[in-house]
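The next block is upload.tsv, given as TSV, C-alpha atoms.
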```tsv
chain	number	residue	atom	x	y	z
R	201	MET	CA	114.56	124.39	124.73
R	202	GLU	CA	115.53	123.55	128.30
R	203	LEU	CA	117.35	120.31	129.05
R	204	HIS	CA	114.50	119.13	131.25
R	205	GLU	CA	112.00	119.65	128.43
R	206	ILE	CA	114.25	117.85	125.93
R	207	LEU	CA	114.61	114.83	128.22
R	208	THR	CA	110.89	114.69	129.01
R	209	ARG	CA	109.95	114.83	125.34
R	210	THR	CA	112.64	112.29	124.43
R	211	ALA	CA	111.26	109.83	126.99
R	212	MET	CA	107.69	110.36	125.78
R	213	LEU	CA	108.57	109.95	122.12
R	214	GLY	CA	110.88	106.98	122.70
R	215	THR	CA	108.12	105.18	124.64
R	216	LEU	CA	105.52	105.97	121.96
R	217	ILE	CA	107.69	104.81	119.04
R	218	GLY	CA	108.95	101.73	120.90
R	219	GLN	CA	105.38	100.64	121.63
R	220	LEU	CA	104.03	101.41	118.17
R	221	ALA	CA	106.95	99.65	116.44
R	222	LEU	CA	106.00	96.43	118.24
R	223	ILE	CA	102.54	96.48	116.64
R	224	SER	CA	103.58	97.82	113.25
R	225	PHE	CA	102.71	94.69	111.26
R	226	GLY	CA	103.19	95.55	107.60
R	227	GLY	CA	105.80	98.24	108.24
R	228	ILE	CA	106.23	101.46	110.19
R	229	ILE	CA	104.03	103.34	107.75
R	230	THR	CA	101.02	101.56	109.31
R	231	VAL	CA	101.58	103.42	112.61
R	232	LEU	CA	102.06	106.87	111.09
R	233	PRO	CA	98.44	107.93	111.84
R	234	ALA	CA	99.01	107.07	115.51
R	235	VAL	CA	102.29	109.04	115.61
R	236	HIS	CA	100.54	111.98	113.95
R	237	HIS	CA	97.70	111.79	116.46
R	238	GLN	CA	100.11	111.99	119.42
R	239	VAL	CA	102.74	114.50	118.31
R	240	VAL	CA	100.42	116.88	116.43
R	241	GLU	CA	96.97	116.58	118.00
R	242	GLN	CA	97.72	115.54	121.59
R	243	TRP	CA	101.16	116.92	122.44
R	244	HIS	CA	101.15	119.91	120.01
R	245	TRP	CA	104.88	119.59	119.38
R	246	MET	CA	104.42	120.56	115.73
R	247	GLY	CA	101.69	121.47	113.30
R	248	ASP	CA	100.32	119.54	110.34
R	249	ARG	CA	102.58	121.49	108.00
R	250	ASP	CA	105.76	120.50	109.85
R	251	PHE	CA	104.62	116.88	110.07
R	252	VAL	CA	104.09	116.53	106.31
R	253	ASN	CA	107.24	118.50	105.52
R	254	LEU	CA	109.28	116.08	107.63
R	255	PHE	CA	107.52	113.14	105.99
R	256	ALA	CA	108.38	114.57	102.56
R	257	LEU	CA	112.02	115.25	103.52
R	258	ALA	CA	112.44	111.67	104.74
R	259	GLN	CA	111.00	110.37	101.47
R	260	ALA	CA	113.23	112.61	99.36
R	261	SER	CA	116.38	111.85	101.40
R	262	PRO	CA	118.52	108.80	100.68
R	263	GLY	CA	117.84	105.94	103.06
R	264	PRO	CA	114.84	104.13	104.52
R	265	ASN	CA	111.66	106.24	104.60
R	266	VAL	CA	111.01	105.15	108.19
R	267	LEU	CA	113.65	107.70	109.19
R	268	VAL	CA	110.78	110.21	109.16
R	269	LEU	CA	110.67	109.24	112.85
R	270	THR	CA	114.30	110.37	113.25
R	271	LEU	CA	113.27	113.75	111.83
R	272	ILE	CA	110.22	113.94	114.10
R	273	GLY	CA	112.56	113.11	117.00
R	274	TYR	CA	114.89	115.93	116.01
R	275	LYS	CA	112.01	118.40	115.66
R	276	ALA	CA	110.59	117.40	119.05
R	277	ALA	CA	113.76	117.13	121.10
R	278	SER	CA	116.88	117.94	119.12
R	279	VAL	CA	119.68	115.41	118.54
R	280	THR	CA	118.75	113.50	121.71
R	281	GLY	CA	115.23	113.02	120.35
R	282	ALA	CA	116.51	111.96	116.93
R	283	THR	CA	118.87	109.40	118.46
R	284	VAL	CA	116.35	107.87	120.84
R	285	ALA	CA	113.61	107.84	118.18
R	286	THR	CA	115.92	105.96	115.80
R	287	LEU	CA	116.91	103.45	118.50
R	288	ALA	CA	113.29	102.91	119.60
R	289	LEU	CA	112.38	102.39	115.96
R	290	THR	CA	115.04	99.82	115.14
R	291	LEU	CA	116.38	98.07	118.24
R	292	PRO	CA	113.43	96.19	119.84
R	293	THR	CA	111.94	94.93	116.58
R	294	SER	CA	115.38	93.95	115.25
R	295	LEU	CA	115.92	91.74	118.29
R	296	LEU	CA	112.48	90.19	117.74
R	297	ALA	CA	113.16	89.63	114.05
R	298	PHE	CA	116.46	87.94	114.90
R	299	ALA	CA	114.75	85.66	117.39
R	300	PHE	CA	111.92	84.94	114.99
R	301	VAL	CA	114.01	83.58	112.11
R	302	ARG	CA	114.22	80.16	113.76
R	303	VAL	CA	110.51	80.05	114.55
R	304	TRP	CA	109.79	80.94	110.94
R	305	ASP	CA	112.05	78.19	109.60
R	306	ARG	CA	110.39	75.66	111.86
R	307	PHE	CA	106.77	76.55	111.07
R	308	ARG	CA	107.18	77.54	107.43
R	309	GLU	CA	104.61	75.00	106.22
R	310	ALA	CA	102.27	75.30	109.21
R	311	ARG	CA	98.69	76.28	108.48
R	312	TRP	CA	98.57	78.90	111.26
R	313	ARG	CA	101.67	80.54	109.83
R	314	LYS	CA	100.05	80.85	106.38
R	315	ALA	CA	96.78	82.06	107.89
R	316	VAL	CA	98.47	84.81	109.93
R	317	HIS	CA	100.47	85.82	106.89
R	318	ALA	CA	97.45	85.99	104.57
R	319	GLY	CA	95.25	87.56	107.24
R	320	MET	CA	97.61	90.38	108.19
R	321	LEU	CA	98.03	91.65	104.63
R	322	PRO	CA	94.56	93.23	104.21
R	323	VAL	CA	94.76	94.74	107.72
R	324	SER	CA	98.05	96.45	106.91
R	325	VAL	CA	96.74	97.60	103.51
R	326	GLY	CA	93.87	99.34	105.32
R	327	PHE	CA	96.30	101.00	107.76
R	328	ILE	CA	98.66	102.14	104.98
R	329	SER	CA	95.67	103.64	103.16
R	330	ALA	CA	94.73	105.51	106.35
R	331	SER	CA	98.31	106.85	106.52
R	332	GLY	CA	97.98	108.06	102.95
R	333	PHE	CA	94.69	109.76	103.78
R	334	ILE	CA	96.04	111.54	106.86
R	335	ILE	CA	99.20	112.71	105.10
R	336	ALA	CA	97.20	113.90	102.06
R	337	ARG	CA	94.74	115.80	104.25
R	338	ALA	CA	97.62	117.60	105.96
R	339	ALA	CA	99.70	118.16	102.79
R	340	ASP	CA	97.04	119.17	100.30
R	341	THR	CA	95.95	122.60	101.47
R	342	THR	CA	95.24	124.07	98.01
R	343	PRO	CA	93.48	122.68	94.90
R	344	LEU	CA	96.80	122.63	93.01
R	345	ALA	CA	98.49	120.67	95.78
R	346	TYR	CA	95.69	118.11	95.38
R	347	ALA	CA	96.36	118.07	91.64
R	348	ILE	CA	100.07	117.40	92.23
R	349	SER	CA	99.25	114.55	94.64
R	350	ILE	CA	96.87	112.96	92.15
R	351	ALA	CA	99.29	113.40	89.23
R	352	THR	CA	102.12	111.86	91.33
R	353	LEU	CA	99.86	108.97	92.31
R	354	ALA	CA	99.00	108.30	88.66
R	355	VAL	CA	102.59	108.58	87.39
R	356	ALA	CA	103.97	106.42	90.22
R	357	ILE	CA	101.45	103.64	89.53
R	358	ALA	CA	101.74	103.78	85.73
R	359	THR	CA	105.54	104.14	85.37
R	360	LYS	CA	108.76	103.13	87.12
R	361	ILE	CA	110.16	106.65	87.14
R	362	ASN	CA	112.61	107.54	89.93
R	363	PRO	CA	110.49	109.47	92.50
R	364	LEU	CA	113.23	112.08	92.82
R	365	TRP	CA	112.11	113.50	89.45
R	366	LEU	CA	108.58	113.83	90.78
R	367	PHE	CA	109.89	115.66	93.87
R	368	LEU	CA	111.93	117.96	91.65
R	369	VAL	CA	108.98	118.88	89.40
R	370	ALA	CA	106.64	119.33	92.38
R	371	GLY	CA	109.24	121.43	94.24
R	372	VAL	CA	109.72	123.72	91.23
R	373	LEU	CA	105.93	124.09	90.78
R	374	GLY	CA	105.67	125.02	94.45
R	375	LEU	CA	108.57	127.43	94.24
R	376	ALA	CA	107.00	129.13	91.21
R	377	GLY	CA	104.17	130.06	93.56
R	378	TRP	CA	101.48	128.05	91.79
R	379	LEU	CA	100.38	126.15	94.89
F	232	MET	CA	126.21	101.22	103.22
F	233	LEU	CA	123.24	99.72	101.40
F	234	GLY	CA	121.08	102.31	103.11
F	235	LEU	CA	122.30	105.26	101.16
F	236	PRO	CA	120.94	104.40	97.71
F	237	ASN	CA	117.30	105.38	97.70
F	238	VAL	CA	115.77	102.42	99.44
F	239	ARG	CA	112.07	103.14	99.38
F	240	SER	CA	110.30	99.87	99.85
F	241	CYS	CA	110.53	96.22	100.66
F	242	ASP	CA	111.09	95.44	96.96
F	243	ALA	CA	113.62	98.17	96.38
F	244	GLY	CA	115.55	97.08	99.47
F	245	ALA	CA	115.57	93.51	98.27
F	246	GLY	CA	116.81	94.76	94.91
F	247	ALA	CA	119.74	96.44	96.60
F	248	PHE	CA	120.74	93.08	98.07
F	249	ARG	CA	119.99	91.25	94.81
F	250	ARG	CA	122.47	93.42	92.93
F	251	ARG	CA	125.22	92.21	95.24
F	252	PRO	CA	125.47	88.48	94.60
F	253	HIS	CA	128.60	88.18	96.74
F	254	LEU	CA	126.35	88.52	99.77
F	255	ARG	CA	125.10	85.02	98.88
F	256	VAL	CA	121.55	85.75	99.87
F	257	ARG	CA	119.64	85.30	96.63
F	258	ALA	CA	118.20	81.93	97.54
F	259	HIS	CA	116.66	83.39	100.67
F	260	LEU	CA	115.23	86.46	99.11
F	261	ALA	CA	111.67	85.49	98.24
F	262	ASP	CA	111.29	83.77	101.57
F	263	THR	CA	112.72	86.78	103.42
F	264	LEU	CA	110.29	89.13	101.68
F	265	SER	CA	107.48	86.92	102.81
F	266	LEU	CA	108.84	86.80	106.36
F	267	CYS	CA	109.29	90.57	106.55
F	268	GLN	CA	105.57	91.09	105.90
F	269	PHE	CA	104.93	88.91	108.91
F	270	LEU	CA	107.05	90.88	111.38
F	271	ALA	CA	106.42	94.11	113.22
F	272	GLY	CA	108.88	96.94	112.73
F	273	PRO	CA	110.50	98.70	109.79
F	274	THR	CA	110.36	96.21	106.92
F	275	ILE	CA	113.70	97.09	105.39
F	276	VAL	CA	115.47	96.88	108.78
F	277	ASN	CA	113.95	93.44	109.38
F	278	ILE	CA	115.22	92.30	105.96
F	279	ALA	CA	118.70	93.47	106.96
F	280	VAL	CA	118.49	91.59	110.30
F	281	ILE	CA	117.43	88.36	108.63
F	282	LEU	CA	119.77	88.43	105.64
F	283	GLY	CA	122.63	89.41	107.96
F	284	ALA	CA	121.78	86.58	110.36
F	285	ARG	CA	121.61	84.02	107.55
F	286	SER	CA	124.95	84.97	106.07
F	287	ASN	CA	127.02	85.75	109.21
F	288	GLY	CA	124.96	85.16	112.36
F	289	PRO	CA	124.48	87.88	115.01
F	290	ALA	CA	127.50	89.87	113.78
F	291	GLY	CA	125.99	89.85	110.30
F	292	SER	CA	122.71	91.25	111.60
F	293	ILE	CA	124.43	94.01	113.57
F	294	ALA	CA	126.61	95.00	110.61
F	295	ALA	CA	123.66	94.97	108.19
F	296	VAL	CA	121.43	97.10	110.43
F	297	LEU	CA	124.19	99.59	111.25
F	298	GLY	CA	125.12	99.89	107.57
F	299	LEU	CA	121.49	100.37	106.58
F	300	VAL	CA	120.40	102.79	109.30
F	301	LEU	CA	123.39	104.72	110.65
F	302	PRO	CA	124.62	106.69	107.59
F	303	PRO	CA	121.13	107.79	106.46
F	304	ALA	CA	120.08	108.55	110.08
F	305	VAL	CA	123.03	110.92	110.45
F	306	LEU	CA	122.24	112.44	107.06
F	307	VAL	CA	118.56	112.89	107.84
F	308	THR	CA	119.46	114.55	111.17
F	309	VAL	CA	121.57	117.05	109.23
F	310	VAL	CA	118.54	117.59	106.97
F	311	GLY	CA	116.49	118.20	110.13
F	312	ILE	CA	118.98	120.77	111.44
F	313	PHE	CA	118.90	122.50	108.05
F	314	TYR	CA	115.09	122.40	107.98
F	315	GLU	CA	114.90	124.12	111.38
F	316	SER	CA	116.98	127.03	110.14
F	317	VAL	CA	115.27	127.56	106.76
F	318	HIS	CA	111.65	126.37	107.04
F	319	THR	CA	110.28	129.84	107.69
F	320	ASN	CA	111.85	131.14	104.47
F	321	PRO	CA	108.89	131.71	102.08
F	322	TYR	CA	110.68	130.16	99.06
F	323	VAL	CA	111.61	127.04	101.02
F	324	ALA	CA	108.08	126.81	102.40
F	325	ARG	CA	106.60	127.02	98.90
F	326	ALA	CA	108.95	124.41	97.43
F	327	LEU	CA	108.20	122.12	100.38
F	328	THR	CA	104.45	122.50	99.79
F	329	GLY	CA	105.00	121.00	96.33
F	330	ILE	CA	107.36	118.28	97.57
F	331	ALA	CA	104.96	117.31	100.37
F	332	ALA	CA	102.09	117.05	97.87
F	333	ALA	CA	104.23	114.73	95.73
F	334	ALA	CA	105.24	112.69	98.81
F	335	SER	CA	101.61	112.20	99.78
F	336	GLY	CA	100.86	111.12	96.20
F	337	LEU	CA	103.66	108.53	96.40
F	338	LEU	CA	102.30	107.13	99.66
F	339	ALA	CA	98.84	106.95	98.09
F	340	ALA	CA	100.42	105.06	95.16
F	341	THR	CA	101.90	102.51	97.58
F	342	ALA	CA	98.47	102.05	99.15
F	343	GLY	CA	96.86	101.89	95.69
F	344	ARG	CA	99.23	99.18	94.45
F	345	LEU	CA	98.52	97.04	97.52
F	346	LEU	CA	94.76	97.58	97.09
F	347	LEU	CA	95.05	96.38	93.50
F	348	VAL	CA	96.73	93.21	94.78
F	349	LEU	CA	93.74	92.61	97.10
F	350	LEU	CA	91.18	93.44	94.38
F	351	ARG	CA	92.81	90.99	91.95
F	352	GLY	CA	93.05	88.26	94.58
F	353	LYS	CA	90.46	85.55	95.08
F	354	ALA	CA	89.59	86.48	98.66
F	355	LYS	CA	87.13	89.34	98.24
F	356	GLU	CA	86.60	89.64	102.00
F	357	SER	CA	90.16	91.04	102.15
F	358	VAL	CA	88.91	94.23	100.50
F	359	ALA	CA	86.26	94.61	103.21
F	360	ILE	CA	88.89	94.09	105.94
F	361	ALA	CA	91.15	96.73	104.39
F	362	ALA	CA	88.20	99.13	104.09
F	363	ALA	CA	87.30	98.56	107.75
F	364	GLY	CA	90.89	99.20	108.85
F	365	PHE	CA	91.00	102.37	106.77
F	366	ALA	CA	87.69	103.70	108.09
F	367	ALA	CA	88.55	102.87	111.72
F	368	LEU	CA	91.80	104.88	111.64
F	369	ALA	CA	91.05	107.61	109.10
F	370	PHE	CA	87.44	108.49	109.98
F	371	ALA	CA	86.34	106.89	113.25
F	372	ARG	CA	89.69	107.78	114.87
F	373	PHE	CA	89.81	104.52	116.82
F	374	SER	CA	93.17	103.85	118.43
F	375	LEU	CA	95.59	101.62	116.54
F	376	PRO	CA	95.90	98.90	119.24
F	377	LEU	CA	92.10	98.65	119.54
F	378	THR	CA	91.61	98.42	115.77
F	379	LEU	CA	94.36	95.82	115.50
F	380	ILE	CA	92.98	93.68	118.34
F	381	VAL	CA	89.52	93.62	116.74
F	382	LEU	CA	90.44	93.35	113.08
F	383	ALA	CA	93.50	91.06	113.05
F	384	PRO	CA	91.81	87.99	114.60
F	385	ILE	CA	88.81	88.35	112.27
F	386	SER	CA	91.05	88.63	109.24
F	387	VAL	CA	93.30	85.75	110.30
F	388	ALA	CA	90.25	83.55	111.03
F	389	LEU	CA	88.87	84.30	107.56
F	390	ALA	CA	92.28	83.51	106.06
F	391	TRP	CA	92.46	80.26	108.06
F	392	ARG	CA	89.52	78.90	106.08
F	393	ARG	CA	91.18	79.48	102.72
F	394	VAL	CA	94.78	78.38	103.37
F	395	ARG	CA	95.85	74.80	103.89
```
Rendering of file as structure tokens:
Amino acid sequence: MELHEILTRTAMLGTLIGQLALISFGGIITVLPAVHHQVVEQWHWMGDRDFVNLFALAQASPGPNVLVLTLIGYKAASVTGATVATLALTLPTSLLAFAFVRVWDRFREARWRKAVHAGMLPVSVGFISASGFIIARAADTTPLAYAISIATLAVAIATKINPLWLFLVAGVLGLAGWL
Amino acid sequence: MLGLPNVRSCDAGAGAFRRRPHLRVRAHLADTLSLCQFLAGPTIVNIAVILGARSNGPAGSIAAVLGLVLPPAVLVTVVGIFYESVHTNPYVARALTGIAAAASGLLAATAGRLLLVLLRGKAKESVAIAAAGFAALAFARFSLPLTLIVLAPISVALAWRRVR
């Protein structure tokens, strides 16, 4: 990739992530559908398969799952993209969080504070569900992949098993060519 | 270095801090979890900012965020470099198909657990709000800012009537 292309993509992705992070109430996972829409459907930087693979690698790697955006940054624009994506993801909202601690302490018992808190939860639950839907639609391309998703969903809700075991079993099933 | 153990959620992240009582943050934990749901941005990073700030001020926040994000970000970039060189290999592609299916199941489990919280709660209108948010993004393909601007005030207004 040419330097010019890398810098252009880095600027586009950094702006997108920086903006989305500022409205990601309930966590970064709530803006994943919007990221998918831009990088896959609008900009065509990667396909569905790459997007879900990167999502899966971020989940299976040690560290916060939000680093899927670091991986998307790398895929889109190499190390420059990964660095800027990570900064856009963490820096602006960290500054806001730091500034907000005092506001929070002051208005802890305020009715508006409780109302915003209680009101934002169902909104973010809806958005997280939409993320799950979009990832599942991209990841589950065969009936057996669907079966693995549903089995993982059931096991994860019913038990406290370390997800790495689920990744291992699913990876071996995939490798065996059953998917 | 708290970032390197598998920190996968708000709760797991809090657990990582809870297991280290010398950080003297236990008393703040429940409150911090509540605050982190209120803020935009990566939940676990916000927890690090706040716990760092409460124990050691700005320097504490910077150290906590760097420790949480930097090592795994470098690691994940190496994973990305590796992925670029092997993802066309048919064996790798097949294994990743399985792993991605499991990852999507785990995300669905996160959504499912939160939905159960709403279904068990007293405020049944919350379920309708969540369903509207889901449909707007997953099916109607409305933009996120638009959906948020419409849905958040409605949901907060409904919540206003039940909190005091």
- R:Phe307, R:Trp365, R:Trp243, R:Tyr274 ranked by distance to chain F, top pick (using all atoms listed in the file):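 Checking each of R:Phe307, R:Trp365, R:Trp243, R:Tyr274 against chain F, counting all atoms listed in the file, the winner is R:Tyr274.
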- Hey, which of R:Ala288, R:Ala376, R:Ala256, R:Val369 ends up closest to chain F? Count only C-alpha atoms. R:Ala256
- Task: Would you mind telling me which residue in R:Met246, R:Ala299, R:Val239, R:Ile228 lies nearest to chain F when using all atoms listed in the file?
- Result: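 With all atoms listed in the file as the atom set, the closest residue is R:Ile228.
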With all atoms listed in the file as the counted atoms, please give the residues lying no more than 7 Å from range 331-340 of chain R, apart from itself and same-chain residues fewer than 4 positions off, as an mmCIF file with C-alpha atoms, keeping the file's coordinate frame.
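For reference, out_26.cif as written:
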```cif
data_model
loop_
_atom_site.group_PDB
_atom_site.id
_atom_site.type_symbol
_atom_site.label_atom_id
_atom_site.label_comp_id
_atom_site.auth_asym_id
_atom_site.auth_seq_id
_atom_site.Cartn_x
_atom_site.Cartn_y
_atom_site.Cartn_z
ATOM 1 C CA ILE R 229 104.030 103.340 107.750
ATOM 2 C CA THR R 230 101.020 101.560 109.310
ATOM 3 C CA LEU R 232 102.060 106.870 111.090
ATOM 4 C CA PRO R 233 98.440 107.930 111.840
ATOM 5 C CA ASP R 248 100.320 119.540 110.340
ATOM 6 C CA ARG R 249 102.580 121.490 108.000
ATOM 7 C CA VAL R 252 104.090 116.530 106.310
ATOM 8 C CA PHE R 327 96.300 101.000 107.760
ATOM 9 C CA ALA R 345 98.490 120.670 95.780
ATOM 10 C CA TYR R 346 95.690 118.110 95.380
ATOM 11 C CA ALA F 331 104.960 117.310 100.370
ATOM 12 C CA ALA F 332 102.090 117.050 97.870
ATOM 13 C CA SER F 335 101.610 112.200 99.780
ATOM 14 C CA LEU F 338 102.300 107.130 99.660
ATOM 15 C CA ALA F 339 98.840 106.950 98.090
ATOM 16 C CA ALA F 369 91.050 107.610 109.100
#
```
- Considering only C-alpha atoms, return as a ChimeraX atom specification whatever protein or nucleic-acid residues lie within 8 Å of Pro322 in chain R, sequence-local ones (same chain, fewer than 5 positions apart) excluded. /F:349,357-358,360-361,386
- Take CA of Pro303 in chain F and CA of Val276 in chain F and report the distance between them in Å, one decimal. 12.5 Å
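With distances restricted to all atoms listed in the file, F:Gly329 is the closest residue to chain R from F:Thr341, F:Phe373, F:Ala294, F:Gly329.
For the choices R:Val301, R:Leu269, R:Met201, R:Val323, the atom-to-atom distance to Ile223 in chain R is smallest for R:Val323 when using only C-alpha atoms.
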- Item | Separation of CA of Val235 in chain R from CA of Leu216 in chain R, in Å and rounded to one decimal |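 Between CA of Val235 in chain R and CA of Leu216 in chain R the gap is 7.8 Å.
As for CA of Ala333 in chain F and CA of Phe367 in chain R, they are spaced 6.0 Å apart.
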- Which residue of F:Val280, F:Val317, F:Leu297, F:Thr378 approaches chain R most closely, using all atoms listed in the file: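 Closest candidate: F:Val280.
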- Message: I'd like the contact shell of Thr270 in chain R - 10 Å cut-off, only C-alpha atoms, skipping same-chain residues fewer than 6 positions apart - returned as a PyMOL selection string.
- Response: (chain R and resi 254+258+276+278-279+281-289) or (chain F and resi 303-305+307-308+311)
Writer output for current selection, C-alpha atoms, as an mmCIF file, in the frame of the given file:
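out.cif, written as the output of this step:
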```
data_model
loop_
_atom_site.group_PDB
_atom_site.id
_atom_site.type_symbol
_atom_site.label_atom_id
_atom_site.label_comp_id
_atom_site.auth_asym_id
_atom_site.auth_seq_id
_atom_site.Cartn_x
_atom_site.Cartn_y
_atom_site.Cartn_z
ATOM 1 C CA LEU R 254 109.280 116.080 107.630
ATOM 2 C CA ALA R 258 112.440 111.670 104.740
ATOM 3 C CA ALA R 276 110.590 117.400 119.050
ATOM 4 C CA SER R 278 116.880 117.940 119.120
ATOM 5 C CA VAL R 279 119.680 115.410 118.540
ATOM 6 C CA GLY R 281 115.230 113.020 120.350
ATOM 7 C CA ALA R 282 116.510 111.960 116.930
ATOM 8 C CA THR R 283 118.870 109.400 118.460
ATOM 9 C CA VAL R 284 116.350 107.870 120.840
ATOM 10 C CA ALA R 285 113.610 107.840 118.180
ATOM 11 C CA THR R 286 115.920 105.960 115.800
ATOM 12 C CA LEU R 287 116.910 103.450 118.500
ATOM 13 C CA ALA R 288 113.290 102.910 119.600
ATOM 14 C CA LEU R 289 112.380 102.390 115.960
ATOM 15 C CA PRO F 303 121.130 107.790 106.460
ATOM 16 C CA ALA F 304 120.080 108.550 110.080
ATOM 17 C CA VAL F 305 123.030 110.920 110.450
ATOM 18 C CA VAL F 307 118.560 112.890 107.840
ATOM 19 C CA THR F 308 119.460 114.550 111.170
ATOM 20 C CA GLY F 311 116.490 118.200 110.130
#
```
Put a box with edges along x, y and z around all the listed atoms of range 316-334 of chain F, pad it by 3 Å on each side, then give me its centre and sizes in Å, one decimal, as AutoDock Vina command-line options.
```
--center_x 109.5 --center_y 122.2 --center_z 102.9 --size_x 20.9 --size_y 25.0 --size_z 20.4
```
